[in-house]
$ cat work31.txt   # compact mmCIF, C-alpha atoms
# COMPACT_ATOMS: atom_id res chain seq x y z
CA GLY A 10 103.89 104.57 93.53
CA GLN A 11 103.70 103.87 97.21
CA GLN A 12 101.75 100.77 98.19
CA VAL A 13 100.46 99.90 101.62
CA MET A 14 99.26 96.39 102.32
CA GLN A 15 97.42 94.96 105.28
CA ILE A 16 96.79 91.43 106.47
CA PRO A 17 94.57 89.73 107.24
CA GLN A 18 91.67 91.13 105.23
CA TYR A 19 89.13 89.67 107.68
CA GLN A 20 89.35 88.29 111.20
CA HIS A 21 86.65 86.63 113.28
CA VAL A 22 87.40 86.33 116.99
CA GLN A 23 85.53 85.27 120.07
CA GLU A 24 84.98 88.07 122.54
CA GLY A 25 87.93 88.12 124.92
CA GLU A 26 90.45 86.84 122.37
CA ASP A 27 93.30 88.97 121.12
CA PHE A 28 93.56 90.43 117.61
CA THR A 29 96.44 91.69 115.50
CA THR A 30 96.55 93.37 112.11
CA TYR A 31 99.75 93.95 110.17
CA CYS A 32 100.66 96.73 107.78
CA ASN A 33 103.51 96.78 105.26
CA SER A 34 104.64 99.58 103.00
CA SER A 35 106.60 99.30 99.77
CA THR A 36 108.57 102.40 100.78
CA THR A 37 109.98 103.83 103.97
CA LEU A 38 107.40 105.94 105.73
CA SER A 39 107.92 109.21 107.55
CA ASN A 40 105.08 108.20 109.83
CA ILE A 41 102.20 105.73 110.04
CA GLN A 42 98.62 106.49 110.95
CA TRP A 43 95.84 104.16 112.06
CA TYR A 44 92.12 104.68 111.57
CA LYS A 45 89.01 102.79 112.63
CA GLN A 46 85.79 102.63 110.67
CA ARG A 47 82.67 101.29 112.35
CA PRO A 48 80.14 99.49 110.13
CA GLY A 49 78.23 102.10 108.15
CA GLY A 50 80.45 104.89 109.44
CA HIS A 51 83.41 106.91 108.31
CA PRO A 52 87.10 106.40 109.14
CA VAL A 53 88.18 107.95 112.41
CA PHE A 54 91.79 108.73 113.27
CA LEU A 55 93.21 106.67 116.12
CA ILE A 56 96.92 107.41 116.37
CA GLN A 57 100.11 108.39 114.60
CA LEU A 58 103.56 106.84 115.04
CA VAL A 59 106.64 108.73 113.93
CA LYS A 60 109.80 107.21 115.38
CA SER A 61 111.52 104.00 114.36
CA GLY A 62 110.55 101.23 116.79
CA GLU A 63 107.93 103.39 118.47
CA VAL A 64 105.26 101.70 120.58
CA LYS A 65 102.12 103.47 121.76
CA LYS A 66 99.20 102.22 123.79
CA GLN A 67 95.59 103.30 124.02
CA LYS A 68 93.90 101.20 126.70
CA ARG A 69 93.68 97.71 125.15
CA LEU A 70 95.20 98.80 121.81
CA THR A 71 98.96 98.61 121.20
CA PHE A 72 100.50 100.17 118.10
CA GLN A 73 104.02 99.48 116.88
CA PHE A 74 106.16 101.06 114.16
CA GLY A 75 108.90 98.88 112.73
CA GLU A 76 112.59 99.64 113.07
CA ALA A 77 112.92 100.16 109.31
CA LYS A 78 109.75 102.33 109.26
CA LYS A 79 108.20 100.11 106.60
CA ASN A 80 105.82 98.09 108.73
CA SER A 81 103.44 98.52 111.62
CA SER A 82 101.01 96.52 113.69
CA LEU A 83 97.92 97.05 115.81
CA HIS A 84 97.22 94.60 118.60
CA ILE A 85 94.00 94.53 120.59
CA THR A 86 94.01 92.64 123.86
CA ALA A 87 90.83 90.91 125.03
CA THR A 88 88.54 92.11 122.25
CA GLN A 89 85.10 93.46 123.02
CA THR A 90 82.07 93.81 120.76
CA THR A 91 82.74 97.54 120.65
CA ASP A 92 85.99 96.80 118.78
CA VAL A 93 84.04 95.65 115.72
CA GLY A 94 84.96 97.55 112.58
CA THR A 95 87.61 97.92 109.93
CA TYR A 96 91.08 99.06 110.89
CA PHE A 97 93.20 100.90 108.35
CA CYS A 98 96.82 101.89 108.36
CA ALA A 99 97.98 104.78 106.20
CA GLY A 100 101.22 106.48 105.23
CA TYR A 101 102.16 109.72 103.50
CA ASN A 102 104.25 109.93 100.37
CA ASN A 103 107.64 111.64 100.53
CA ALA A 104 106.15 114.99 99.59
CA GLY A 105 103.77 114.71 102.54
CA ASN A 106 100.67 115.58 100.53
CA MET A 107 99.04 112.24 99.70
CA LEU A 108 97.95 109.73 102.33
CA THR A 109 97.83 106.14 101.04
CA PHE A 110 95.65 103.66 102.91
CA GLY A 111 96.06 99.95 103.29
CA GLY A 112 93.16 97.72 102.29
CA GLY A 113 92.01 97.43 105.88
CA THR A 114 91.33 94.53 108.24
CA ARG A 115 87.74 93.91 109.10
CA LEU A 116 87.35 92.67 112.67
CA MET A 117 84.25 90.75 113.70
CA VAL A 118 83.75 89.81 117.34
CA LYS A 119 81.42 87.05 118.45
CA PRO A 120 79.86 87.65 121.87
CA ASP B 6 83.43 116.49 114.04
CA ALA B 7 85.68 118.78 111.98
CA GLY B 8 82.84 120.69 110.35
CA ILE B 9 82.71 118.64 107.16
CA THR B 10 79.48 118.03 105.31
CA GLN B 11 79.01 116.04 102.14
CA SER B 12 76.09 116.28 99.76
CA PRO B 13 74.22 114.45 98.55
CA ARG B 14 74.53 111.61 101.02
CA HIS B 15 72.85 109.17 98.65
CA LYS B 16 72.38 109.32 94.92
CA VAL B 17 71.19 106.90 92.26
CA THR B 18 71.88 107.85 88.68
CA GLU B 19 72.11 106.31 85.26
CA THR B 20 75.15 105.51 83.16
CA GLY B 21 76.28 108.49 81.10
CA THR B 22 74.84 111.19 83.30
CA PRO B 23 77.00 113.83 85.01
CA VAL B 24 77.22 113.79 88.78
CA THR B 25 78.71 116.30 91.19
CA LEU B 26 79.43 115.61 94.83
CA ARG B 27 80.08 118.48 97.19
CA CYS B 28 82.30 118.66 100.23
CA HIS B 29 81.93 121.68 102.49
CA GLN B 30 84.14 122.57 105.43
CA THR B 31 83.76 125.34 107.98
CA GLU B 32 87.26 125.47 109.48
CA ASN B 33 89.41 126.93 106.70
CA HIS B 34 91.64 123.89 106.24
CA ARG B 35 94.03 124.10 103.33
CA TYR B 36 94.13 120.44 102.31
CA MET B 37 91.01 118.57 101.18
CA TYR B 38 90.78 115.07 99.75
CA TRP B 39 88.37 112.85 97.86
CA TYR B 40 88.58 109.09 98.40
CA ARG B 41 86.45 106.25 97.14
CA GLN B 42 85.84 103.10 99.15
CA ASP B 43 85.07 99.74 97.60
CA PRO B 44 85.04 96.26 99.15
CA GLY B 45 88.50 94.73 99.04
CA HIS B 46 90.19 97.99 98.02
CA GLY B 47 90.11 100.07 101.15
CA LEU B 48 90.25 103.81 100.58
CA ARG B 49 91.74 105.02 97.32
CA LEU B 50 92.65 108.63 96.69
CA ILE B 51 90.94 110.23 93.70
CA HIS B 52 92.05 113.87 93.85
CA TYR B 53 93.21 116.29 96.46
CA SER B 54 93.51 120.04 96.85
CA TYR B 55 96.12 122.12 98.65
CA GLY B 56 94.43 125.48 98.19
CA VAL B 57 91.99 127.47 96.12
CA LYS B 58 92.38 126.41 92.49
CA ASP B 59 95.26 124.11 93.45
CA THR B 60 94.44 120.46 92.86
CA ASP B 61 96.30 117.30 91.95
CA LYS B 62 95.57 113.74 90.96
CA GLY B 63 95.53 110.74 93.23
CA GLU B 64 95.87 107.08 92.35
CA VAL B 65 92.43 106.59 90.72
CA SER B 66 91.70 109.93 89.04
CA ASP B 67 90.55 108.69 85.62
CA GLY B 68 86.93 109.64 84.96
CA TYR B 69 86.88 112.27 87.71
CA SER B 70 87.52 115.99 87.85
CA VAL B 71 87.57 118.37 90.80
CA SER B 72 87.29 122.06 91.43
CA ARG B 73 88.00 124.30 94.37
CA SER B 74 86.93 127.87 93.77
CA LYS B 75 86.52 128.65 97.47
CA THR B 76 88.44 127.39 100.50
CA GLU B 77 85.36 125.83 101.99
CA ASP B 78 84.11 123.84 98.99
CA PHE B 79 85.73 120.95 97.12
CA LEU B 80 83.63 119.50 94.30
CA LEU B 81 84.06 116.08 92.71
CA THR B 82 82.53 115.64 89.25
CA LEU B 83 81.90 112.53 87.25
CA GLU B 84 81.46 113.89 83.74
CA SER B 85 79.78 110.73 82.47
CA ALA B 86 79.09 108.24 85.22
CA THR B 87 79.82 104.55 84.67
CA SER B 88 78.78 101.52 86.70
CA SER B 89 82.39 101.09 87.85
CA GLN B 90 82.04 104.39 89.68
CA THR B 91 79.38 102.97 91.97
CA SER B 92 81.04 103.45 95.33
CA VAL B 93 81.03 105.28 98.61
CA TYR B 94 82.87 108.59 98.33
CA PHE B 95 84.51 110.20 101.32
CA CYS B 96 85.77 113.72 101.59
CA ALA B 97 88.44 114.51 104.15
CA ILE B 98 90.26 117.53 105.46
CA ARG B 99 93.74 117.52 106.86
CA GLN B 100 94.68 119.12 110.11
CA ALA B 101 97.29 121.84 109.80
CA GLY B 102 100.87 120.75 109.51
CA ARG B 103 102.79 118.27 107.42
CA ASN B 104 101.69 114.64 107.80
CA GLY B 105 98.59 115.65 109.72
CA GLU B 106 95.70 113.33 110.40
CA LEU B 107 92.60 113.34 108.22
CA PHE B 108 89.06 114.02 109.35
CA PHE B 109 86.44 112.43 107.15
CA GLY B 110 82.94 113.42 106.19
CA GLU B 111 80.01 111.04 106.53
CA GLY B 112 80.35 109.77 102.97
CA SER B 113 78.23 109.89 99.82
CA ARG B 114 76.87 106.63 98.48
CA LEU B 115 76.61 106.73 94.70
CA THR B 116 74.91 104.04 92.64
CA VAL B 117 75.25 104.13 88.86
CA LEU B 118 72.73 101.91 87.07

$ encode --input "work31.txt" --output "structure tokens"
Amino acid sequence: GQQVMQIPQYQHVQEGEDFTTYCNSSTTLSNIQWYKQRPGGHPVFLIQLVKSGEVKKQKRLTFQFGEAKKNSSLHITATQTTDVGTYFCAGYNNAGNMLTFGGGTRLMVKP
Amino acid sequence: DAGITQSPRHKVTETGTPVTLRCHQTENHRYMYWYRQDPGHGLRLIHYSYGVKDTDKGEVSDGYSVSRSKTEDFLLTLESATSSQTSVYFCAIRQAGRNGELFFGEGSRLTVL
């Protein structure tokens, strides 16, 4: 079945440093979604990318979808303590009914 | 908030006992999902439903069953709980449309002793 992998599993950064998490799928994706989960909370949808090579920005967050639609990345510029949490990528299977999540990258920010 | 409530939010039970977790939604969404979350494994799909009495297995369905007799309720049952089923369980609904985003409930923390 479809597998979605994320690296790194954990990342410690100093406040103000940049952060990037990478997502790779074993199959071509129709789209890629990103979610954020704060400590003790539930996953919250951030964004969806659909087109090959697509780049979207949300303030300090930049999301990219690879040309082959098998990989994606999330880059945070100048991290803040409010960025702390686990970031997940996720992709649907071909039938569009099951959403498979990557293992997540846990971001810790030192003030 | 997409009108999703999970119950119970916390439960401690013993090995071999049956457990049912409930997910209730108020917005008439067709698709509902049950995931479990464990350290190092992210979110893994257990079962999902695409309508009343229409359910299908996810990637980690062994030891779990589900039922959906009404649009608003999706029940997850552990017939005989095991310690490996200690986890945080999240219910989610999917916004209308193919490849829609998921909205998650607050989660149910289950401990099996």

$ closest_residue --input "work31.txt" --among "B:Leu115, B:Ala97, B:Leu107, B:Leu81" --to "Thr10 in chain B" --atoms "all atoms listed in the file"
B:Ala97

$ closest_residue --input "work31.txt" --among "A:Asn33, A:Gln57, A:Ser81, A:Thr91" --to "chain B" --atoms "only C-alpha atoms"
A:Gln57

$ interface_residues --input "work31.txt" --of "chain B" --to "chain A" --cutoff "9 Å" --atoms "only C-alpha atoms" --output "count of residues only"
24

$ atom_distance --input "work31.txt" --atom1 "CA of Lys60 in chain A" --atom2 "CA of Leu116 in chain A"
26.9 Å

$ atom_distance --input "work31.txt" --atom1 "CA of Thr87 in chain B" --atom2 "CA of Thr20 in chain B"
5.0 Å

$ closest_residue --input "work31.txt" --among "A:Thr88, A:Gln46, A:Ser82, A:Gln12" --to "Phe28 in chain A" --atoms "only C-alpha atoms"
A:Thr88
